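Below: one structure, written as structure tokens.
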Amino acid sequence: MISLAKLFIMHGAKTTILATPTCTSLLHDQINQLRHSGHVINLLLLSSSEKGDENLTSPELSSGFFGEMERLWEPFDLVLKEHQPNCVVTDMYLPWTQEISSKNSVPRLVFHTMGFFPLCVIETLDNHVTNGCVCVDNEEERVTVHGLPHILEMTKSQLHDSVFTRNEFSVFMESVRESELRSDGAIVNTFYELEPQYVDHYRSKMGRRAWHVGPLPLINLPSLKQANYHERIMAW
């Protein structure tokens with residue numbers, strides 16, 4: 001997210017990063033570097049009296065972790081009311097930010113660290129495999145994922161349990177997908193030349209509004225000239 005903030009700053013946007021106090025040490029050096037370079041960037045800490053900003057220690061804890069993050073809805077709501085930003089960009093795993101942004105009449109964009117290919121696969125799996133549409137008994141039995149630009153086959157062992165059994169994680173992912181559909185669009189950390197068919201599929205076939213702005217790690221290379229980076233990254 002800090003790299004995305006740098007991109008906005010490079011294009012003259014006034015940028016504020018929202019974080020919890022536990023993230024301050026991770027952001028401090030990078031924000032100071034930007035400020036020393038003459039860039040204007042703000043940092044606001046969202047504090048909560050509830051226990052909900054611990055570090056994520058394993059994938060199994062992901063749904064519970066992001067569920068706990070929902071306890072930050074009140075400070076997030078207060079920030080939007082006080083600062084009235086033109087737009088907010090939040091991670092896909094913070095679906096509750098959609099409702100608060102909408103309530104405050106602030107456009108919300110979803111940020112995806114993954115590319116268009118996995119986004120298309122996840123959506124297609126949900127439509128064709130989840131909820132018992134496909135029955136697979138053997139761990140190595142192949143499932144054909146239909147509706148993509150290429151034929152894709154996966155074994156049951158390669159799929160998350162939530163694909164076949166509705167559980168806490170699948171319920172959480174349903175809220176993630178619903179919030180994206182209600183959002184004003186998505187920002188994806190990829191570039192068109194890497195996966196052109198899936199960029200077009202996501203936009204045209206799936207009807208999603210999305211912009212590719214990657215690869216964002218390039219913005220941190222000191223040897224990269226700013227002009228060349230703009231030419232590479234800003235294919236909106």
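Ordering of the structure tokens sets the chain letters (A, B, ...); residue numbers start at 1 within each chain; ligands are numbered from 1 in the order shown.
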Just want the 7 Å neighbourhood of Trp96 in chain A, counted on only C-alpha atoms, with same-chain residues fewer than 3 positions away dropped. Output as a PyMOL selection string. chain A and resi 70+99-100
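Excluding Val89 in chain A and any residue on its chain fewer than 2 positions from it, the residues at most 9 Å away by only C-alpha atoms are Cys87, Asp91, Pro107, Arg108, Leu109, Val110, Phe111, Ala186 and Ile187 of chain A.
Near range 151-156 of chain A, within a cut-off of 6 Å and counting only C-alpha atoms, sit the residues Glu139, Glu140, Glu141, Arg142, Val143, Thr144 and Val145 of chain A, with same-chain residues fewer than 4 positions away left out.
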As a PyMOL selection string, which residues of range 6-214 of chain A does DSSP assign to helix (DSSP H, G or I)? chain A and resi 6-10+21-36+59-83+96-103+116-128+156-158+161-163+168-182+192-194+196-205
Env of range 6-22 of chain A: 8 Å cut, atoms = only C-alpha atoms, seq-sep filter 5 positions within chain, self excluded. Answer as a ChimeraX atom specification. /A:39-47,53-54,219
Hey, can you spit out that residue selection with C-alpha atoms as a PDB file, in the first residue's frame?
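Final output, again32.pdb:
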```pdb
ATOM      1  CA  HIS A  39       6.704  15.036  -0.918  1.00  0.00           C
ATOM      2  CA  VAL A  40       3.652  15.742   1.206  1.00  0.00           C
ATOM      3  CA  ILE A  41       2.203  12.649   2.832  1.00  0.00           C
ATOM      4  CA  ASN A  42       0.148  12.287   5.996  1.00  0.00           C
ATOM      5  CA  LEU A  43      -0.201   9.406   8.422  1.00  0.00           C
ATOM      6  CA  LEU A  44      -3.287   8.905  10.556  1.00  0.00           C
ATOM      7  CA  LEU A  45      -3.439   6.198  13.195  1.00  0.00           C
ATOM      8  CA  LEU A  46      -6.721   4.398  13.750  1.00  0.00           C
ATOM      9  CA  SER A  47      -6.869   3.499  17.412  1.00  0.00           C
ATOM     10  CA  ASP A  53      -4.750  -5.017  15.580  1.00  0.00           C
ATOM     11  CA  GLU A  54      -2.463  -7.961  16.309  1.00  0.00           C
ATOM     12  CA  ILE A 219       8.541   2.492  -7.841  1.00  0.00           C
TER      13      ILE A 219
END
```
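Rounded to one decimal, CA of Gln98 in chain A and CA of Leu80 in chain A lie 12.0 Å from each other.
Among A:Arg182, A:His28, A:His146, A:His36, the residue with the shortest atom-to-atom distance to Ser102 in chain A, counting only C-alpha atoms, is A:Arg182.
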What lies within 10 Å of Leu148 in chain A using only C-alpha atoms, ignoring chain neighbours under 2 positions off, as a PDB file with N, CA, C and O atoms, in the first residue's frame?
```
ATOM      1  N   PHE A 117      -5.338 -12.614 -13.504  1.00  0.00           N
ATOM      2  CA  PHE A 117      -5.533 -14.058 -13.684  1.00  0.00           C
ATOM      3  C   PHE A 117      -6.108 -14.708 -12.433  1.00  0.00           C
ATOM      4  O   PHE A 117      -7.151 -15.386 -12.511  1.00  0.00           O
ATOM      5  N   CYS A 120      -9.753 -13.656 -11.869  1.00  0.00           N
ATOM      6  CA  CYS A 120     -10.694 -14.336 -12.767  1.00  0.00           C
ATOM      7  C   CYS A 120     -10.928 -15.776 -12.333  1.00  0.00           C
ATOM      8  O   CYS A 120     -12.063 -16.277 -12.383  1.00  0.00           O
ATOM      9  N   VAL A 121      -9.865 -16.455 -11.907  1.00  0.00           N
ATOM     10  CA  VAL A 121      -9.985 -17.853 -11.482  1.00  0.00           C
ATOM     11  C   VAL A 121     -10.867 -17.961 -10.235  1.00  0.00           C
ATOM     12  O   VAL A 121     -11.753 -18.819 -10.158  1.00  0.00           O
ATOM     13  N   THR A 124     -14.474 -17.405 -11.154  1.00  0.00           N
ATOM     14  CA  THR A 124     -15.011 -18.516 -11.933  1.00  0.00           C
ATOM     15  C   THR A 124     -15.210 -19.755 -11.067  1.00  0.00           C
ATOM     16  O   THR A 124     -16.199 -20.488 -11.217  1.00  0.00           O
ATOM     17  N   VAL A 145     -12.024 -25.761 -14.819  1.00  0.00           N
ATOM     18  CA  VAL A 145     -12.586 -24.438 -14.530  1.00  0.00           C
ATOM     19  C   VAL A 145     -13.007 -23.818 -15.854  1.00  0.00           C
ATOM     20  O   VAL A 145     -12.169 -23.485 -16.696  1.00  0.00           O
ATOM     21  N   HIS A 146     -14.301 -23.709 -16.060  1.00  0.00           N
ATOM     22  CA  HIS A 146     -14.838 -23.219 -17.332  1.00  0.00           C
ATOM     23  C   HIS A 146     -14.967 -21.694 -17.338  1.00  0.00           C
ATOM     24  O   HIS A 146     -14.975 -21.054 -16.294  1.00  0.00           O
ATOM     25  N   HIS A 150      -8.387 -19.502 -21.187  1.00  0.00           N
ATOM     26  CA  HIS A 150      -7.672 -20.753 -21.402  1.00  0.00           C
ATOM     27  C   HIS A 150      -8.337 -21.866 -20.588  1.00  0.00           C
ATOM     28  O   HIS A 150      -9.001 -21.604 -19.591  1.00  0.00           O
ATOM     29  N   ILE A 151      -8.112 -23.107 -21.002  1.00  0.00           N
ATOM     30  CA  ILE A 151      -8.606 -24.255 -20.248  1.00  0.00           C
ATOM     31  C   ILE A 151      -7.732 -24.417 -19.006  1.00  0.00           C
ATOM     32  O   ILE A 151      -6.508 -24.471 -19.090  1.00  0.00           O
ATOM     33  N   LEU A 152      -8.376 -24.491 -17.857  1.00  0.00           N
ATOM     34  CA  LEU A 152      -7.649 -24.610 -16.599  1.00  0.00           C
ATOM     35  C   LEU A 152      -8.183 -25.804 -15.829  1.00  0.00           C
ATOM     36  O   LEU A 152      -9.389 -25.941 -15.636  1.00  0.00           O
ATOM     37  N   GLN A 197      -5.173 -10.994 -21.920  1.00  0.00           N
ATOM     38  CA  GLN A 197      -6.466 -11.671 -22.103  1.00  0.00           C
ATOM     39  C   GLN A 197      -7.296 -11.659 -20.817  1.00  0.00           C
ATOM     40  O   GLN A 197      -8.524 -11.577 -20.856  1.00  0.00           O
ATOM     41  N   TYR A 198      -6.610 -11.717 -19.674  1.00  0.00           N
ATOM     42  CA  TYR A 198      -7.332 -11.745 -18.403  1.00  0.00           C
ATOM     43  C   TYR A 198      -7.722 -10.348 -17.929  1.00  0.00           C
ATOM     44  O   TYR A 198      -8.721 -10.188 -17.226  1.00  0.00           O
ATOM     45  N   HIS A 201     -10.772  -9.899 -20.031  1.00  0.00           N
ATOM     46  CA  HIS A 201     -11.835 -10.783 -19.537  1.00  0.00           C
ATOM     47  C   HIS A 201     -12.471 -10.210 -18.275  1.00  0.00           C
ATOM     48  O   HIS A 201     -13.696 -10.207 -18.140  1.00  0.00           O
ATOM     49  N   TYR A 202     -11.644  -9.727 -17.369  1.00  0.00           N
ATOM     50  CA  TYR A 202     -12.137  -9.177 -16.109  1.00  0.00           C
ATOM     51  C   TYR A 202     -13.002  -7.944 -16.358  1.00  0.00           C
ATOM     52  O   TYR A 202     -14.034  -7.755 -15.714  1.00  0.00           O
ATOM     53  N   LYS A 205     -15.884  -9.330 -20.000  1.00  0.00           N
ATOM     54  CA  LYS A 205     -16.737 -10.488 -19.762  1.00  0.00           C
ATOM     55  C   LYS A 205     -17.359 -10.465 -18.366  1.00  0.00           C
ATOM     56  O   LYS A 205     -18.529 -10.816 -18.184  1.00  0.00           O
TER      57      LYS A 205
END
```
Please report, as an mmCIF file with N, CA, C and O atoms, in the first residue's frame, each residue of range 74-158 of chain A to which DSSP assigns strand (DSSP E or B) when run on this structure's backbone.
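Saved the output as part-v4.cif:
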```cif
data_model
loop_
_atom_site.group_PDB
_atom_site.id
_atom_site.type_symbol
_atom_site.label_atom_id
_atom_site.label_comp_id
_atom_site.auth_asym_id
_atom_site.auth_seq_id
_atom_site.Cartn_x
_atom_site.Cartn_y
_atom_site.Cartn_z
ATOM 1 N N VAL A 88 -11.203 6.882 -1.199
ATOM 2 C CA VAL A 88 -10.429 6.007 -0.325
ATOM 3 C C VAL A 88 -10.084 4.731 -1.091
ATOM 4 O O VAL A 88 -10.850 4.267 -1.935
ATOM 5 N N VAL A 89 -8.910 4.202 -0.804
ATOM 6 C CA VAL A 89 -8.467 2.932 -1.383
ATOM 7 C C VAL A 89 -8.194 1.989 -0.227
ATOM 8 O O VAL A 89 -7.354 2.282 0.632
ATOM 9 N N THR A 90 -8.906 0.878 -0.174
ATOM 10 C CA THR A 90 -8.716 -0.078 0.914
ATOM 11 C C THR A 90 -8.481 -1.476 0.349
ATOM 12 O O THR A 90 -8.900 -1.788 -0.767
ATOM 13 N N ASP A 91 -7.812 -2.296 1.134
ATOM 14 C CA ASP A 91 -7.529 -3.666 0.742
ATOM 15 C C ASP A 91 -8.820 -4.442 0.539
ATOM 16 O O ASP A 91 -9.835 -4.188 1.190
ATOM 17 N N ARG A 108 -15.062 4.530 -3.041
ATOM 18 C CA ARG A 108 -14.084 3.568 -2.544
ATOM 19 C C ARG A 108 -13.585 2.695 -3.682
ATOM 20 O O ARG A 108 -14.360 2.148 -4.467
ATOM 21 N N LEU A 109 -12.251 2.573 -3.790
ATOM 22 C CA LEU A 109 -11.616 1.663 -4.727
ATOM 23 C C LEU A 109 -10.996 0.513 -3.952
ATOM 24 O O LEU A 109 -10.427 0.711 -2.881
ATOM 25 N N VAL A 110 -11.114 -0.690 -4.494
ATOM 26 C CA VAL A 110 -10.544 -1.879 -3.868
ATOM 27 C C VAL A 110 -9.135 -2.089 -4.419
ATOM 28 O O VAL A 110 -8.915 -1.994 -5.635
ATOM 29 N N PHE A 111 -8.193 -2.390 -3.547
ATOM 30 C CA PHE A 111 -6.811 -2.641 -3.975
ATOM 31 C C PHE A 111 -6.527 -4.140 -3.954
ATOM 32 O O PHE A 111 -6.702 -4.801 -2.929
ATOM 33 N N HIS A 112 -6.094 -4.674 -5.111
ATOM 34 C CA HIS A 112 -5.730 -6.082 -5.226
ATOM 35 C C HIS A 112 -4.223 -6.200 -5.432
ATOM 36 O O HIS A 112 -3.677 -5.660 -6.401
ATOM 37 N N ARG A 142 -9.329 -34.254 -11.217
ATOM 38 C CA ARG A 142 -9.197 -32.922 -11.791
ATOM 39 C C ARG A 142 -10.552 -32.246 -11.978
ATOM 40 O O ARG A 142 -11.530 -32.874 -12.377
ATOM 41 N N VAL A 143 -10.565 -30.952 -11.684
ATOM 42 C CA VAL A 143 -11.737 -30.106 -11.891
ATOM 43 C C VAL A 143 -11.423 -29.135 -13.015
ATOM 44 O O VAL A 143 -10.394 -28.452 -12.979
ATOM 45 N N THR A 144 -12.263 -29.091 -14.022
ATOM 46 C CA THR A 144 -12.069 -28.141 -15.123
ATOM 47 C C THR A 144 -12.784 -26.841 -14.792
ATOM 48 O O THR A 144 -13.983 -26.839 -14.502
ATOM 49 N N VAL A 145 -12.024 -25.761 -14.819
ATOM 50 C CA VAL A 145 -12.586 -24.438 -14.530
ATOM 51 C C VAL A 145 -13.007 -23.818 -15.854
ATOM 52 O O VAL A 145 -12.169 -23.485 -16.696
ATOM 53 N N LEU A 152 -8.376 -24.491 -17.857
ATOM 54 C CA LEU A 152 -7.649 -24.610 -16.599
ATOM 55 C C LEU A 152 -8.183 -25.804 -15.829
ATOM 56 O O LEU A 152 -9.389 -25.941 -15.636
ATOM 57 N N GLU A 153 -7.259 -26.678 -15.404
ATOM 58 C CA GLU A 153 -7.635 -27.831 -14.596
ATOM 59 C C GLU A 153 -6.903 -27.785 -13.264
ATOM 60 O O GLU A 153 -5.719 -27.459 -13.206
ATOM 61 N N MET A 154 -7.615 -28.114 -12.190
ATOM 62 C CA MET A 154 -7.040 -28.145 -10.853
ATOM 63 C C MET A 154 -7.511 -29.403 -10.144
ATOM 64 O O MET A 154 -8.613 -29.894 -10.412
ATOM 65 N N THR A 155 -6.688 -29.916 -9.251
ATOM 66 C CA THR A 155 -7.094 -31.061 -8.446
ATOM 67 C C THR A 155 -7.759 -30.569 -7.169
ATOM 68 O O THR A 155 -7.590 -29.415 -6.766
#
```
Which residue of A:Glu193, A:Glu174, A:Asp77, A:Asp161 approaches Gly115 in chain A most closely, using only C-alpha atoms: A:Glu193
